[in-house]
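Engineer: Below is a structure I'd like to ask you about.
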Amino acid sequence: MGAFSFNYVVCGALLRPRNRPSLPAQYSLVPSRSIVENASPKSGSLVDGRDQDEEGNRAKFNFGHIVKNVRERFDAHILVEPLFVIISVVSTLEGMLFGMWHLYLIPQGVELGFGDSPSAFLATFGGAGSLLGRISHGFPIDRGLIKATSLFTISCLIFAASNMLNPLVVTSYIAIAAIAFVSGVAYGIIYPLMFVLMRDVTGDRHMSAYGWLFVTHGIGVLLGGALAGWIHDLTGEYQWVFVSLGVIAATVATLVTSMRLMVHCSGAN
C-alpha cells in the first residue's frame, strides 16, 4: 500500500496546468451557468423606472451572492448533461477497477498457493508498473504524439486484455507477476487521465466537476469491492474476478469512444 500511495505523490508532483496561451477561449463543452449569470444586469439598475432603495439593494445583492456561490460550488445542473453523465459513469467504473484490482491481487496469489511473501510481492509488481505508467504517460501527450483520450482508451484495452488472460496463467507465478506489472502500467495511465477527460468535458469553469469526479470514483470503489467479493463467493475462484475486471475495462473504453463520437458528430472539438 505504501508503493501505491507513493504513486499518488509522484503523480501530483508531475501534474501541471497547460500553458495559458495554448488554451482556447471557450474550452468547456458543457456550458457554465456562471457565464449566463455574468451577463445578467448588475445590482443598482433601474426597475420600473425607479431606483431601489439602498437597503433593498444590499439585501438583494447578499441573497443573490449566496445563491450564486451555491450554484458555483455544486453545479447540479451539469448532472443532466449527456457528456457529463457519460464521464460520471466512466469514473464510477474506473473506481470499480481500482477497488477490485487492488483488493484481490494478493488474495489470489495466496489462494493459488504461492505463499504469503511471494503473493505480497504481486502488489509490488503492480505498484512498480503503476509508478511507471504515471511517470511516462505525460511525455507522448505533451509532445503531441497521441491524444489523451486515445491513450486512455488504449490503456483500458491493455488493462482488459491482461486481466482476461488471468485464468490462462494461474499456474505460473512469473506470469501472474508479469500480468500484475502490465495491469499496473495501464492503470497508472488510466487514473490520472480521468482528470484530463473531465477537464476536456467541463473545462476550467466547472471546478465542482472534480468534486463529483471523486464522489463517483468513491462509489465505484465501494461497488467494486462488493462485486468482486460476490463473484468470488459465487464461483469460488479469483480468476473470474479478474475476467470481470477485463469486461469492465473494455466497457470503459467503449464509453469513452462513444463520448468522442458524440463530440465529433456535434461538431465540437
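Letters A, B, ... mark the chains of the C-alpha cells in the order given; residue numbers begin at 1 per chain; ligand numbers begin at 1, in order shown.
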Could I get the residues of stretch 121-226 of chain A with an atom no further than 6 Å from an atom of stretch 89-93 of chain A, each paired with its nearest atom pair and that distance in Å to one decimal, using only C-alpha atoms, sorted by chain and residue number, as a tab-separated table?
Structural biologist:
residue	atom	partner	partner_atom	distance
A:Thr216	CA	A:Thr92	CA	4.9
A:His217	CA	A:Thr92	CA	4.9
A:Gly220	CA	A:Thr92	CA	4.3
Engineer: Please produce an output containing N, CA, C and O atoms for each residue in the selection, written as an mmCIF file, in the first residue's frame.
Structural biologist:
data_model
loop_
_atom_site.group_PDB
_atom_site.id
_atom_site.type_symbol
_atom_site.label_atom_id
_atom_site.label_comp_id
_atom_site.auth_asym_id
_atom_site.auth_seq_id
_atom_site.Cartn_x
_atom_site.Cartn_y
_atom_site.Cartn_z
ATOM 1 N N THR A 216 -18.079 9.987 -7.611
ATOM 2 C CA THR A 216 -18.370 8.814 -8.441
ATOM 3 C C THR A 216 -17.260 7.772 -8.342
ATOM 4 O O THR A 216 -17.528 6.566 -8.357
ATOM 5 N N HIS A 217 -16.015 8.238 -8.230
ATOM 6 C CA HIS A 217 -14.908 7.293 -8.060
ATOM 7 C C HIS A 217 -15.059 6.518 -6.752
ATOM 8 O O HIS A 217 -14.868 5.294 -6.712
ATOM 9 N N GLY A 220 -17.677 3.938 -7.015
ATOM 10 C CA GLY A 220 -17.180 2.802 -7.783
ATOM 11 C C GLY A 220 -16.286 1.886 -6.965
ATOM 12 O O GLY A 220 -16.355 0.659 -7.101
#
Engineer: Kindly indicate which residue among A:Gly188, A:Gly229, A:Gly113, A:Pro167 lies nearest to A:Gly138, using only C-alpha atoms for the distances.
Structural biologist: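 The shortest atom-to-atom distance to A:Gly138 comes from A:Gly188.
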Engineer: Can I get the residues of stretch 120-224 of chain A within 9 Å of stretch 103-112 of chain A, each with the closest pair of atoms and their distance in Å to one decimal, using only C-alpha atoms, sorted chain first then ascending number, as CSV?
Structural biologist:
residue,atom,partner,partner_atom,distance
A:Ala120,CA,A:Ile106,CA,5.6
A:Phe121,CA,A:Ile106,CA,8.0
A:Leu122,CA,A:Ile106,CA,6.3
A:Ala123,CA,A:Ile106,CA,6.5
A:Gly126,CA,A:Leu105,CA,8.6
A:Val170,CA,A:Leu112,CA,7.2
A:Thr171,CA,A:Leu112,CA,7.7
A:Tyr173,CA,A:Gly109,CA,8.1
A:Ile176,CA,A:Gly109,CA,8.3
A:Ala180,CA,A:Leu105,CA,7.8
Engineer: For A:Leu97, find every residue with an atom within 7 Å (counting only C-alpha atoms), except residues of its own chain fewer than 4 positions away, and show them as a VMD selection string.
Structural biologist: chain A and resid 93 101 224 245
Engineer: Tell me which protein, DNA and RNA residues are within 12 Å of stretch 144-157 of chain A, counting only C-alpha atoms, leaving out same-chain ones fewer than 4 positions away, and put them as a PyMOL selection string.
Structural biologist: chain A and resi 87+90+93-94+97+130+133-134+136-140+161-164+182-201+245-261
Engineer: Which value, in Å to one decimal, gives the distance between atom CA of A:Ile179 and atom CA of A:Gly129?
Structural biologist: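 Between atom CA of A:Ile179 and atom CA of A:Gly129 the gap is 9.9 Å.
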Engineer: What does the distance between atom CA of A:Ser244 and atom CA of A:Leu222 come to in Å, to one decimal place?
Structural biologist: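 Taking atom CA of A:Ser244 and atom CA of A:Leu222, their separation equals 15.6 Å.
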